[in-house]
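**Student:** File structure-v2.pdb below, PDB, C-alpha atoms and all ligand atoms:
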```
ATOM      1  CA  MET K   1     142.433 180.749  63.717
ATOM      2  CA  GLN K   2     138.783 181.436  62.881
ATOM      3  CA  ASP K   3     138.371 183.749  59.908
ATOM      4  CA  ASP K   4     135.633 186.368  59.569
ATOM      5  CA  ALA K   5     133.846 184.494  56.796
ATOM      6  CA  GLU K   6     133.245 181.575  59.166
ATOM      7  CA  THR K   7     131.730 183.831  61.834
ATOM      8  CA  ARG K   8     129.649 185.640  59.224
ATOM      9  CA  LEU K   9     128.306 182.317  57.966
ATOM     10  CA  THR K  10     127.023 181.377  61.429
ATOM     11  CA  GLU K  11     125.459 184.817  61.828
ATOM     12  CA  ALA K  12     123.905 184.631  58.363
ATOM     13  CA  VAL K  13     122.230 181.281  59.121
ATOM     14  CA  ILE K  14     120.887 182.596  62.435
ATOM     15  CA  ALA K  15     119.698 185.812  60.762
ATOM     16  CA  ARG K  16     117.532 183.820  58.351
ATOM     17  CA  LEU K  17     115.368 182.627  61.254
ATOM     18  CA  SER K  18     112.076 184.373  60.750
ATOM     19  CA  ASP K  19     110.761 186.690  63.481
ATOM     20  CA  LYS K  20     107.341 185.247  62.767
ATOM     21  CA  THR K  21     108.204 181.687  63.742
ATOM     22  CA  ASP K  22     107.195 180.216  67.107
ATOM     23  CA  PRO K  23     109.456 181.833  69.792
ATOM     24  CA  ARG K  24     110.389 178.540  71.460
ATOM     25  CA  PHE K  25     111.269 176.955  68.102
ATOM     26  CA  ARG K  26     113.299 180.042  67.230
ATOM     27  CA  ARG K  27     115.203 179.851  70.501
ATOM     28  CA  ILE K  28     115.979 176.157  69.991
ATOM     29  CA  MET K  29     117.113 176.646  66.377
ATOM     30  CA  HIS K  30     119.224 179.686  67.253
ATOM     31  CA  SER K  31     121.064 177.735  69.923
ATOM     32  CA  LEU K  32     121.343 174.591  67.777
ATOM     33  CA  ILE K  33     122.944 176.513  64.890
ATOM     34  CA  ARG K  34     125.341 178.351  67.217
ATOM     35  CA  HIS K  35     126.465 175.171  68.998
ATOM     36  CA  LEU K  36     126.604 173.029  65.857
ATOM     37  CA  HIS K  37     128.752 175.595  64.033
ATOM     38  CA  GLY K  38     130.880 175.989  67.173
ATOM     39  CA  PHE K  39     131.387 172.226  67.332
ATOM     40  CA  VAL K  40     132.372 171.977  63.657
ATOM     41  CA  ARG K  41     134.844 174.832  64.123
ATOM     42  CA  GLU K  42     136.249 173.460  67.376
ATOM     43  CA  VAL K  43     137.077 170.034  65.944
ATOM     44  CA  GLU K  44     137.909 171.442  62.487
ATOM     45  CA  LEU K  45     135.734 168.787  60.901
ATOM     46  CA  THR K  46     137.231 167.345  57.717
ATOM     47  CA  GLU K  47     135.112 166.627  54.653
ATOM     48  CA  GLU K  48     135.664 162.871  55.168
ATOM     49  CA  GLU K  49     134.486 163.127  58.791
ATOM     50  CA  TRP K  50     131.449 165.140  57.691
ATOM     51  CA  PHE K  51     130.532 162.367  55.249
ATOM     52  CA  GLU K  52     131.107 159.698  57.937
ATOM     53  CA  ALA K  53     128.629 161.587  60.129
ATOM     54  CA  ILE K  54     126.085 161.671  57.297
ATOM     55  CA  LYS K  55     126.496 157.920  56.780
ATOM     56  CA  PHE K  56     126.192 157.293  60.525
ATOM     57  CA  LEU K  57     122.953 159.280  60.831
ATOM     58  CA  THR K  58     121.581 157.564  57.740
ATOM     59  CA  ALA K  59     122.382 154.125  59.180
ATOM     60  CA  THR K  60     120.827 155.150  62.507
ATOM     61  CA  GLY K  61     117.583 156.078  60.759
ATOM     62  CA  GLN K  62     117.622 152.913  58.671
ATOM     63  CA  LYS K  63     117.884 150.812  61.830
ATOM     64  CA  CYS K  64     114.620 152.260  63.182
ATOM     65  CA  ASP K  65     111.246 150.589  62.819
ATOM     66  CA  ALA K  66     108.104 150.117  64.904
ATOM     67  CA  LYS K  67     110.052 147.970  67.394
ATOM     68  CA  ARG K  68     113.505 149.529  67.307
ATOM     69  CA  GLN K  69     114.481 153.137  67.987
ATOM     70  CA  GLU K  70     118.178 153.646  67.308
ATOM     71  CA  PHE K  71     117.940 157.433  67.782
ATOM     72  CA  ILE K  72     116.690 156.984  71.358
ATOM     73  CA  LEU K  73     119.637 154.656  71.877
ATOM     74  CA  LEU K  74     121.989 157.341  70.498
ATOM     75  CA  SER K  75     120.505 159.846  72.927
ATOM     76  CA  ASP K  76     120.831 157.302  75.751
ATOM     77  CA  VAL K  77     124.464 156.315  75.211
ATOM     78  CA  LEU K  78     125.542 159.960  74.875
ATOM     79  CA  GLY K  79     123.833 160.819  78.179
ATOM     80  CA  VAL K  80     121.364 163.186  76.504
ATOM     81  CA  SER K  81     118.312 161.261  77.708
ATOM     82  CA  MET K  82     119.469 161.502  81.314
ATOM     83  CA  LEU K  83     120.259 165.205  80.885
ATOM     84  CA  VAL K  84     116.719 165.833  79.601
ATOM     85  CA  ASP K  85     115.428 163.762  82.525
ATOM     86  CA  ALA K  86     117.473 165.810  85.034
ATOM     87  CA  ILE K  87     116.338 169.163  83.626
ATOM     88  CA  ASN K  88     112.694 168.143  83.609
ATOM     89  CA  HIS K  89     112.537 166.579  87.065
ATOM     90  CA  ARG K  90     114.390 169.044  89.257
ATOM     91  CA  GLY K  91     113.699 169.584  92.931
ATOM     92  CA  ALA K  92     114.188 167.371  95.934
ATOM     93  CA  ASP K  93     110.611 167.135  97.233
ATOM     94  CA  GLY K  94     110.786 163.507  98.326
ATOM     95  CA  SER K  95     109.227 162.189  95.120
ATOM     96  CA  THR K  96     110.702 159.067  93.522
ATOM     97  CA  GLU K  97     113.631 159.827  91.246
ATOM     98  CA  THR K  98     113.154 159.243  87.553
ATOM     99  CA  THR K  99     115.403 157.637  84.962
ATOM    100  CA  VAL K 100     115.448 156.760  81.253
ATOM    101  CA  LEU K 101     112.355 155.340  79.590
ATOM    102  CA  GLY K 102     114.527 153.305  77.203
ATOM    103  CA  PRO K 103     113.452 151.925  73.837
ATOM    104  CA  PHE K 104     111.535 148.872  75.029
ATOM    105  CA  PHE K 105     108.377 150.380  76.468
ATOM    106  CA  VAL K 106     105.248 149.139  74.673
ATOM    107  CA  HIS K 107     101.720 150.487  75.113
ATOM    108  CA  GLY K 108      98.975 148.123  76.214
ATOM    109  CA  ALA K 109     100.770 145.630  78.463
ATOM    110  CA  PRO K 110      98.426 142.926  79.800
ATOM    111  CA  GLU K 111      96.470 143.912  82.892
ATOM    112  CA  ILE K 112      97.019 141.593  85.829
ATOM    113  CA  GLU K 113      95.520 141.563  89.316
ATOM    114  CA  ASN K 114      97.449 143.105  92.181
ATOM    115  CA  GLY K 115      99.752 140.292  93.350
ATOM    116  CA  GLY K 116      99.634 138.602  89.941
ATOM    117  CA  ASP K 117     102.476 136.948  88.046
ATOM    118  CA  MET K 118     103.939 139.013  85.215
ATOM    119  CA  ALA K 119     106.441 136.306  84.263
ATOM    120  CA  ALA K 120     103.620 133.863  83.457
ATOM    121  CA  GLY K 121     105.718 130.700  83.263
ATOM    122  CA  TRP K 122     108.837 132.389  81.875
ATOM    123  CA  LYS K 123     111.873 130.663  83.368
ATOM    124  CA  GLY K 124     113.979 132.548  85.885
ATOM    125  CA  GLU K 125     114.493 133.025  89.605
ATOM    126  CA  PRO K 126     111.141 133.707  91.303
ATOM    127  CA  THR K 127     110.929 137.277  92.597
ATOM    128  CA  TYR K 128     108.374 139.250  94.593
ATOM    129  CA  VAL K 129     108.257 143.052  94.524
ATOM    130  CA  SER K 130     105.896 145.035  96.718
ATOM    131  CA  GLY K 131     105.364 148.428  98.271
ATOM    132  CA  GLN K 132     103.099 151.432  98.415
ATOM    133  CA  VAL K 133     102.362 154.327  96.082
ATOM    134  CA  ARG K 134     101.724 157.635  97.845
ATOM    135  CA  SER K 135     101.804 161.349  97.226
ATOM    136  CA  THR K 136     104.513 163.692  98.484
ATOM    137  CA  GLU K 137     102.022 164.721 101.211
ATOM    138  CA  GLY K 138     102.054 161.111 102.442
ATOM    139  CA  ARG K 139      98.566 160.179 101.185
ATOM    140  CA  PRO K 140      98.301 156.564  99.912
ATOM    141  CA  LEU K 141      97.195 156.543  96.284
ATOM    142  CA  ALA K 142      94.524 153.900  95.807
ATOM    143  CA  GLY K 143      94.010 152.790  92.204
ATOM    144  CA  ALA K 144      97.398 154.120  91.028
ATOM    145  CA  LEU K 145      98.506 152.415  87.820
ATOM    146  CA  LEU K 146     101.849 150.605  87.642
ATOM    147  CA  ASP K 147     103.145 149.659  84.213
ATOM    148  CA  LEU K 148     106.108 147.273  84.484
ATOM    149  CA  TRP K 149     108.451 145.782  81.927
ATOM    150  CA  GLN K 150     111.706 143.847  82.039
ATOM    151  CA  SER K 151     114.017 141.576  80.091
ATOM    152  CA  ASN K 152     114.045 137.805  80.496
ATOM    153  CA  SER K 153     116.747 135.943  82.433
ATOM    154  CA  GLU K 154     118.985 136.002  79.351
ATOM    155  CA  GLY K 155     118.669 139.769  78.963
ATOM    156  CA  TRP K 156     116.185 139.989  76.077
ATOM    157  CA  TYR K 157     112.947 141.962  75.913
ATOM    158  CA  ASP K 158     109.976 140.336  74.185
ATOM    159  CA  VAL K 159     110.197 142.842  71.301
ATOM    160  CA  GLN K 160     113.728 141.617  70.574
ATOM    161  CA  LEU K 161     112.624 137.994  70.296
ATOM    162  CA  ALA K 162     110.639 136.210  67.632
ATOM    163  CA  ASP K 163     107.624 134.086  68.593
ATOM    164  CA  THR K 164     107.063 135.145  72.184
ATOM    165  CA  GLY K 165     103.346 134.811  71.626
ATOM    166  CA  GLY K 166     102.588 138.457  72.354
ATOM    167  CA  LYS K 167     103.580 140.831  75.110
ATOM    168  CA  ARG K 168     105.678 139.032  77.718
ATOM    169  CA  LEU K 169     107.316 140.138  80.944
ATOM    170  CA  ARG K 170     105.148 143.236  80.900
ATOM    171  CA  ALA K 171     102.145 144.014  83.047
ATOM    172  CA  ARG K 172      99.846 146.725  84.262
ATOM    173  CA  LEU K 173      98.293 146.554  87.704
ATOM    174  CA  ARG K 174      96.568 148.868  90.150
ATOM    175  CA  THR K 175      97.220 149.577  93.802
ATOM    176  CA  ASP K 176      94.673 148.483  96.403
ATOM    177  CA  ALA K 177      92.665 150.719  98.769
ATOM    178  CA  ASP K 178      95.816 151.318 100.877
ATOM    179  CA  GLY K 179      97.879 152.288  97.853
ATOM    180  CA  CYS K 180      99.781 148.971  98.029
ATOM    181  CA  TYR K 181     101.023 146.890  95.120
ATOM    182  CA  ARG K 182     102.469 143.375  94.864
ATOM    183  CA  VAL K 183     103.815 141.589  91.836
ATOM    184  CA  ARG K 184     105.439 138.247  91.136
ATOM    185  CA  THR K 185     108.070 138.025  88.441
ATOM    186  CA  ILE K 186     111.589 136.719  87.783
ATOM    187  CA  LEU K 187     114.862 138.297  88.868
ATOM    188  CA  PRO K 188     116.049 140.803  86.276
ATOM    189  CA  THR K 189     119.528 140.376  84.882
ATOM    190  CA  ALA K 190     122.189 142.693  83.448
ATOM    191  CA  TYR K 191     122.070 142.918  79.659
ATOM    192  CA  PRO K 192     123.721 144.788  76.797
ATOM    193  CA  VAL K 193     121.923 147.590  74.953
ATOM    194  CA  PRO K 194     121.482 146.539  71.317
ATOM    195  CA  THR K 195     124.906 146.449  69.654
ATOM    196  CA  ASP K 196     123.945 145.113  66.227
ATOM    197  CA  GLY K 197     123.476 148.636  64.826
ATOM    198  CA  PRO K 198     125.448 151.880  64.526
ATOM    199  CA  MET K 199     125.354 152.445  68.297
ATOM    200  CA  GLY K 200     127.222 149.194  68.885
ATOM    201  CA  GLN K 201     130.022 150.474  66.643
ATOM    202  CA  VAL K 202     130.079 153.852  68.384
ATOM    203  CA  LEU K 203     130.299 152.269  71.838
ATOM    204  CA  HIS K 204     133.089 150.024  70.602
ATOM    205  CA  ARG K 205     135.047 152.950  69.103
ATOM    206  CA  MET K 206     134.632 154.915  72.328
ATOM    207  CA  GLY K 207     136.082 151.943  74.230
ATOM    208  CA  ARG K 208     132.878 151.492  76.228
ATOM    209  CA  HIS K 209     130.990 148.340  77.204
ATOM    210  CA  PRO K 210     127.275 148.131  76.322
ATOM    211  CA  MET K 211     125.987 146.690  79.625
ATOM    212  CA  ARG K 212     123.083 147.916  81.728
ATOM    213  CA  PRO K 213     122.846 146.751  85.344
ATOM    214  CA  ALA K 214     119.894 144.482  86.187
ATOM    215  CA  HIS K 215     116.681 146.464  86.606
ATOM    216  CA  LEU K 216     112.909 146.418  86.484
ATOM    217  CA  HIS K 217     111.145 149.249  84.628
ATOM    218  CA  PHE K 218     108.229 151.043  86.281
ATOM    219  CA  MET K 219     105.901 153.750  85.079
ATOM    220  CA  VAL K 220     103.664 154.824  87.938
ATOM    221  CA  SER K 221     100.731 157.151  87.422
ATOM    222  CA  ALA K 222      97.777 158.463  89.386
ATOM    223  CA  PRO K 223      95.251 161.193  88.582
ATOM    224  CA  GLY K 224      96.452 164.654  89.607
ATOM    225  CA  HIS K 225     100.078 163.530  89.943
ATOM    226  CA  GLU K 226     103.180 163.611  87.767
ATOM    227  CA  THR K 227     103.855 160.228  86.216
ATOM    228  CA  VAL K 228     107.098 158.650  87.420
ATOM    229  CA  VAL K 229     109.140 156.744  84.824
ATOM    230  CA  THR K 230     111.886 154.896  86.620
ATOM    231  CA  HIS K 231     113.699 151.614  87.320
ATOM    232  CA  LEU K 232     114.532 149.581  90.396
ATOM    233  CA  PHE K 233     118.133 148.383  90.158
ATOM    234  CA  VAL K 234     119.406 145.221  91.844
ATOM    235  CA  ARG K 235     121.958 146.072  94.539
ATOM    236  CA  GLY K 236     125.277 144.322  94.003
ATOM    237  CA  ASP K 237     125.094 144.313  90.213
ATOM    238  CA  PRO K 238     128.615 144.744  88.776
ATOM    239  CA  TYR K 239     127.481 147.387  86.258
ATOM    240  CA  LEU K 240     125.860 149.856  88.679
ATOM    241  CA  GLN K 241     128.847 152.211  88.387
ATOM    242  CA  SER K 242     129.148 152.035  84.611
ATOM    243  CA  ASP K 243     125.616 151.784  83.189
ATOM    244  CA  ALA K 244     125.888 152.231  79.392
ATOM    245  CA  VAL K 245     123.112 154.859  79.511
ATOM    246  CA  PHE K 246     124.021 156.631  82.809
ATOM    247  CA  GLY K 247     120.601 155.797  84.278
ATOM    248  CA  VAL K 248     121.546 154.701  87.822
ATOM    249  CA  LYS K 249     120.609 156.874  90.811
ATOM    250  CA  ASP K 250     121.465 155.736  94.349
ATOM    251  CA  SER K 251     117.865 156.039  95.543
ATOM    252  CA  LEU K 252     116.780 153.492  92.930
ATOM    253  CA  VAL K 253     119.217 150.760  93.974
ATOM    254  CA  VAL K 254     117.278 148.196  95.999
ATOM    255  CA  ASP K 255     118.033 145.028  97.956
ATOM    256  CA  PHE K 256     116.652 141.922  96.293
ATOM    257  CA  ARG K 257     116.828 139.616  99.313
ATOM    258  CA  ARG K 258     117.313 135.886  98.680
ATOM    259  CA  SER K 259     115.282 133.457 100.794
ATOM    260  CA  GLU K 260     115.262 129.685 100.875
ATOM    261  CA  SER K 261     112.186 129.448 103.111
ATOM    262  CA  GLU K 262     109.518 127.221 101.572
ATOM    263  CA  ASP K 263     106.939 128.643 104.033
ATOM    264  CA  GLU K 264     107.633 132.237 103.085
ATOM    265  CA  ALA K 265     107.640 131.325  99.401
ATOM    266  CA  GLN K 266     104.315 129.528  99.656
ATOM    267  CA  LYS K 267     102.663 132.513 101.366
ATOM    268  CA  LEU K 268     103.670 134.673  98.408
ATOM    269  CA  GLY K 269     102.649 132.148  95.784
ATOM    270  CA  LEU K 270     106.246 131.376  94.800
ATOM    271  CA  LYS K 271     108.716 128.512  94.950
ATOM    272  CA  ALA K 272     111.905 128.675  97.050
ATOM    273  CA  PRO K 273     114.533 129.857  96.650
ATOM    274  CA  PHE K 274     113.170 133.267  95.746
ATOM    275  CA  TYR K 275     114.067 136.966  95.883
ATOM    276  CA  SER K 276     112.012 139.796  97.329
ATOM    277  CA  ALA K 277     112.302 143.555  97.134
ATOM    278  CA  ALA K 278     110.273 146.313  98.773
ATOM    279  CA  TYR K 279     109.981 149.805  97.335
ATOM    280  CA  ASP K 280     107.537 152.673  97.849
ATOM    281  CA  PHE K 281     106.866 155.116  95.012
ATOM    282  CA  VAL K 282     106.174 158.758  95.845
ATOM    283  CA  LEU K 283     104.416 160.946  93.273
ATOM    284  CA  ARG K 284     104.361 164.751  93.294
ATOM    285  CA  PRO K 285     101.195 166.701  92.481
ATOM    286  CA  ALA K 286     100.995 167.512  88.763
ATOM    287  CA  THR K 287     101.632 171.105  87.826
ATOM    288  CA  GLY K 288      99.694 170.658  84.608
ATOM    289  CA  ALA K 289     102.250 171.566  81.993
ATOM    290  CA  LYS K 290     104.793 168.856  82.700
ATOM    291  CA  GLN K 291     103.060 165.490  82.496
ATOM    292  CA  ARG K 292     105.583 162.952  81.201
ATOM    293  CA  SER K 293     104.180 160.846  78.427
ATOM    294  CA  ALA K 294     105.564 157.448  77.530
ATOM    295  CA  ARG K 295     106.648 156.945  73.974
ATOM    296  CA  SER K 296     107.369 153.639  72.358
ATOM    297  CA  ALA K 297     109.340 152.938  69.180
ATOM    298  CA  ALA K 298     105.968 152.456  67.464
ATOM    299  CA  ASP K 299     105.064 156.086  68.234
ATOM    300  CA  THR K 300     107.948 157.262  66.047
ATOM    301  CA  ALA K 301     107.104 155.083  63.056
ATOM    302  CA  PRO K 302     105.939 156.964  59.965
ATOM    303  CA  GLY K 303     102.264 157.097  59.103
TER     304      GLY K 303
HETATM  305  C1  LIG K 401     116.366 149.712  78.839
HETATM  306  O1  LIG K 401     116.567 149.756  80.018
HETATM  307  O2  LIG K 401     115.471 148.999  78.451
HETATM  308  C2  LIG K 401     117.240 150.497  77.930
HETATM  309  C3  LIG K 401     117.459 151.831  78.190
HETATM  310  C4  LIG K 401     118.271 152.549  77.330
HETATM  311  C5  LIG K 401     118.852 151.942  76.236
HETATM  312  C6  LIG K 401     118.627 150.602  75.986
HETATM  313  C7  LIG K 401     117.830 149.864  76.846
HETATM  314 FE    FE K 402     115.708 147.867  80.502
END
```
Could you write out this structure as structure tokens?
**Tutor:**
Amino acid sequence: MQDDAETRLTEAVIARLSDKTDPRFRRIMHSLIRHLHGFVREVELTEEEWFEAIKFLTATGQKCDAKRQEFILLSDVLGVSMLVDAINHRGADGSTETTVLGPFFVHGAPEIENGGDMAAGWKGEPTYVSGQVRSTEGRPLAGALLDLWQSNSEGWYDVQLADTGGKRLRARLRTDADGCYRVRTILPTAYPVPTDGPMGQVLHRMGRHPMRPAHLHFMVSAPGHETVVTHLFVRGDPYLQSDAVFGVKDSLVVDFRRSESEDEAQKLGLKAPFYSAAYDFVLRPATGAKQRSARSAADTAPG
């Protein structure tokens, strides 16, 4: 049974919010205090649990550096990232659905020509991905920028590995005059989100696996249009229904067709057997206020 002193405490903290502070900040803090106090009351948090939470948040912060963002991972595994994504990309206007950015985006991926090889000798199953970028009005977007990144065939991103010799399995390329793109790479594979930090322990205690289904990351942008941050998922992956970060949307699940044809492979600059996938990206006109910006772990580092 909640006593009056508890209610008064919540009201007192809210009442200290200055009228002169920014209205949006005030609204966020008001709601945060109300929900946080409500949560503490609902679970009747013990002092030991409170201290466990302090230790957990401390460890989460200590795990962060210019290459690792454990707080984004916390947001991801609790579904908060996908909730923010859903709220900010409402409306079925035919534009490509968005999903989590994840912690492995890095600014300044190498620029390659349209049709180039982003795997650059990295071992894996040769894969060709192609399609068109157009606006919701159906206009092909020439010169649209595609920023791609993926893990290697063992499930590691370059930033997780030592001595990769720079940015690997990442590329930026532009669409041609017809808005078309083509890229050669290797088949993505399912992989676990990092489990060597506090989030690994949380997933374990919740009885959840850490796996993400195989995917390729895309950030697609064109002047005057909202940037799309999304993935293409490989149809048939066993983790599509239980992605550790809740990022799968049906419209983003794509056939990666296997071919053994040497002729076909040669035409695409690959070796058989190889996989190919086709996907068109559709961008909605920008409304101005809501341009999605990509943030890397480095953007959160102090200094
Ligand atoms: C990723 O797809 O790279 C990713 C997304 C969320 C958490 C961890 C990894
Ligand atoms: Fe990923």
**Student:** What's the separation between atom CA of Lys167 of chain K and atom CA of Pro110 of chain K, in Å to one decimal place?
**Tutor:** 7.3 Å
**Student:** Which residues of chain K have any atom within 8 Å of an atom in ligand LIG 401 (chain K) when counting all atoms listed in the file, and what is the closest pair of atoms for each, with the distance in Å to one decimal? Order the rows by chain and rising number and write it as a tab-separated table.
**Tutor:**
```
residue	atom	partner	partner_atom	distance
K:Ile72	CA	K:LIG401	C5	7.3
K:Leu73	CA	K:LIG401	C5	5.2
K:Asp76	CA	K:LIG401	C4	5.6
K:Val77	CA	K:LIG401	C5	7.2
K:Val100	CA	K:LIG401	C3	6.1
K:Leu101	CA	K:LIG401	C3	6.4
K:Gly102	CA	K:LIG401	C3	3.4
K:Pro103	CA	K:LIG401	C7	5.7
K:Phe104	CA	K:LIG401	O2	5.2
K:Phe105	CA	K:LIG401	O2	7.5
K:Gln150	CA	K:LIG401	O2	7.3
K:Ser151	CA	K:LIG401	O2	7.7
K:Tyr157	CA	K:LIG401	O2	7.9
K:Pro192	CA	K:LIG401	C6	7.8
K:Val193	CA	K:LIG401	C6	4.6
K:Pro194	CA	K:LIG401	C6	6.8
K:Arg212	CA	K:LIG401	O1	7.0
K:His215	CA	K:LIG401	O1	7.4
K:His217	CA	K:LIG401	O1	7.1
K:Ala244	CA	K:LIG401	C5	7.7
K:Val245	CA	K:LIG401	C4	5.8
K:Gly247	CA	K:LIG401	C3	7.9
```
**Student:** Translate the PyMOL selection byres (((chain K and resi 174-184) around 9) and not hetatm) into a concrete residue list for this structure, as a VMD selection string.
**Tutor:** chain K and resid 111 to 119 126 to 134 139 to 147 172 to 173 185 to 186 268 to 270 280
**Student:** Atom CA of Phe233 of chain K and atom CA of Trp156 of chain K, how far apart in Å?
**Tutor:** 16.5 Å
**Student:** State, in Å with one decimal place, the distance from atom CA of Ala222 of chain K to atom CA of Met82 of chain K.
**Tutor:** 23.3 Å
**Student:** Around (128.8, 153.6, 69.5) in the file's own coordinates, what residues are found within 12 Å if you use all atoms listed in the file, given back as a PyMOL selection string?
**Tutor:** chain K and resi 56-57+60+70-71+73-78+193-210+244-245
**Student:** Export C-alpha atoms of the chosen residues as a CSV table (one decimal), in the coordinates of the input?
**Tutor:**
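Result file part32.csv:
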```csv
chain,number,residue,atom,x,y,z
K,56,PHE,CA,126.2,157.3,60.5
K,57,LEU,CA,123.0,159.3,60.8
K,60,THR,CA,120.8,155.2,62.5
K,70,GLU,CA,118.2,153.6,67.3
K,71,PHE,CA,117.9,157.4,67.8
K,73,LEU,CA,119.6,154.7,71.9
K,74,LEU,CA,122.0,157.3,70.5
K,75,SER,CA,120.5,159.8,72.9
K,76,ASP,CA,120.8,157.3,75.8
K,77,VAL,CA,124.5,156.3,75.2
K,78,LEU,CA,125.5,160.0,74.9
K,193,VAL,CA,121.9,147.6,75.0
K,194,PRO,CA,121.5,146.5,71.3
K,195,THR,CA,124.9,146.4,69.7
K,196,ASP,CA,123.9,145.1,66.2
K,197,GLY,CA,123.5,148.6,64.8
K,198,PRO,CA,125.4,151.9,64.5
K,199,MET,CA,125.4,152.4,68.3
K,200,GLY,CA,127.2,149.2,68.9
K,201,GLN,CA,130.0,150.5,66.6
K,202,VAL,CA,130.1,153.9,68.4
K,203,LEU,CA,130.3,152.3,71.8
K,204,HIS,CA,133.1,150.0,70.6
K,205,ARG,CA,135.0,153.0,69.1
K,206,MET,CA,134.6,154.9,72.3
K,207,GLY,CA,136.1,151.9,74.2
K,208,ARG,CA,132.9,151.5,76.2
K,209,HIS,CA,131.0,148.3,77.2
K,210,PRO,CA,127.3,148.1,76.3
K,244,ALA,CA,125.9,152.2,79.4
K,245,VAL,CA,123.1,154.9,79.5
```
**Student:** Can you translate the PyMOL selection byres (((chain K and resi 38-42) around 12) and not hetatm) into the concrete residues it hits in this file, as a list in words?
**Tutor:**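 Evaluating the PyMOL selection byres (((chain K and resi 38-42) around 12) and not hetatm) on this file yields Met1, Gln2, Asp3, Glu6, Thr7, Leu9, Thr10, Glu11, Ser31, Leu32, Ile33, Arg34, His35, Leu36, His37, Val43, Glu44, Leu45, Thr46, Glu47, Glu49, Trp50 and Ala53 of chain K.
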**Student:** Point out the residue among K:Thr300, K:Glu260, K:Thr98, K:Ser135 with the least atom-to-atom distance to Ser81 of chain K, counting all atoms listed in the file.
**Tutor:**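 Closest residue, counting all atoms listed in the file: K:Thr98.
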**Student:** Under the rule that only C-alpha atoms are counted, which of K:Glu125, K:Val84, K:Leu252, K:Gly91 is the nearest residue to Lys271 of chain K?
**Tutor:**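 The answer is K:Glu125, which sits nearest to Lys271 of chain K.
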**Student:** Please identify all polymer residues within 10 Å of Asp250 of chain K, counting all atoms listed in the file, omitting same-chain residues fewer than 4 positions from it, and present them as a ChimeraX atom specification.
**Tutor:** /K:97,233,235,240,254
**Student:** With distances taken over all atoms listed in the file, which residue among K:Asp299, K:Trp149, K:Gly165, K:Ser276 lies nearest ligand FE 402 (chain K)?
**Tutor:**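 Of all the options, K:Trp149 lies closest to ligand FE 402 (chain K).
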**Student:** Which residue out of K:Thr164, K:Gln69, K:Thr189, K:Ser95 has the minimum interatomic distance to ligand FE 402 (chain K) when all atoms listed in the file are used?
**Tutor:** K:Thr189
**Student:** Measuring between all atoms listed in the file, which one of K:Arg170, K:Arg257, K:Arg284, K:Lys267 shows the shortest distance to ligand FE 402 (chain K)?
**Tutor:**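 Checking each of K:Arg170, K:Arg257, K:Arg284, K:Lys267 against ligand FE 402 (chain K), counting all atoms listed in the file, the winner is K:Arg170.
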**Student:** Assuming the chain letters and numbering stay as they are in my file, what does the PyMOL selection byres (((chain K and resi 262) around 8) and not hetatm) actually select? List them as a PyMOL selection string.
**Tutor:** chain K and resi 260-261+263-266+271-273
**Student:** I need the chosen residues saved as a PDB file, in the frame of the given file, with C-alpha atoms.
**Tutor:**
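Result saved to selection-v2.pdb:
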```
ATOM      1  CA  GLU K 260     115.262 129.685 100.875  1.00  0.00           C
ATOM      2  CA  SER K 261     112.186 129.448 103.111  1.00  0.00           C
ATOM      3  CA  ASP K 263     106.939 128.643 104.033  1.00  0.00           C
ATOM      4  CA  GLU K 264     107.633 132.237 103.085  1.00  0.00           C
ATOM      5  CA  ALA K 265     107.640 131.325  99.401  1.00  0.00           C
ATOM      6  CA  GLN K 266     104.315 129.528  99.656  1.00  0.00           C
ATOM      7  CA  LYS K 271     108.716 128.512  94.950  1.00  0.00           C
ATOM      8  CA  ALA K 272     111.905 128.675  97.050  1.00  0.00           C
ATOM      9  CA  PRO K 273     114.533 129.857  96.650  1.00  0.00           C
TER      10      PRO K 273
END
```
**Student:** So that all listed atoms of segment 215-227 of chain K fit with 3 Å spare on each side, what axis-aligned box centre and edge lengths in Å, to one decimal, would you give as lines of an AutoDock Vina configuration file?
**Tutor:**
```
center_x = 106.0
center_y = 155.5
center_z = 87.3
size_x = 27.4
size_y = 24.2
size_z = 11.3
```
**Student:** Using only C-alpha atoms, can you tell me which of K:Thr287, K:Ser221, K:Gln241, K:Thr58 comes closest to His89 of chain K?
**Tutor:**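 Ranking K:Thr287, K:Ser221, K:Gln241, K:Thr58 by distance to His89 of chain K, first place goes to K:Thr287.
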**Student:** Please reconstruct the missing atoms of segment 268-273 of chain K (target: N, CA and C atoms) and return them as a PDB file, in the frame of the given file.
**Tutor:**
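Written file, selection_10.pdb:
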```pdb
ATOM      1  N   LEU K 268     103.649 133.664  99.480  1.00  0.00           N
ATOM      2  CA  LEU K 268     103.670 134.673  98.408  1.00  0.00           C
ATOM      3  C   LEU K 268     103.297 134.078  97.048  1.00  0.00           C
ATOM      4  N   GLY K 269     103.025 132.795  97.053  1.00  0.00           N
ATOM      5  CA  GLY K 269     102.649 132.148  95.784  1.00  0.00           C
ATOM      6  C   GLY K 269     103.850 131.849  94.905  1.00  0.00           C
ATOM      7  N   LEU K 270     105.008 131.637  95.556  1.00  0.00           N
ATOM      8  CA  LEU K 270     106.246 131.376  94.800  1.00  0.00           C
ATOM      9  C   LEU K 270     106.846 130.044  95.221  1.00  0.00           C
ATOM     10  N   LYS K 271     107.943 129.698  94.553  1.00  0.00           N
ATOM     11  CA  LYS K 271     108.716 128.512  94.950  1.00  0.00           C
ATOM     12  C   LYS K 271     110.076 128.994  95.466  1.00  0.00           C
ATOM     13  N   ALA K 272     110.583 128.330  96.525  1.00  0.00           N
ATOM     14  CA  ALA K 272     111.905 128.675  97.050  1.00  0.00           C
ATOM     15  C   ALA K 272     112.969 127.991  96.182  1.00  0.00           C
ATOM     16  N   PRO K 273     114.166 128.549  96.095  1.00  0.00           N
ATOM     17  CA  PRO K 273     114.533 129.857  96.650  1.00  0.00           C
ATOM     18  C   PRO K 273     113.931 130.990  95.815  1.00  0.00           C
TER      19      PRO K 273
END
```
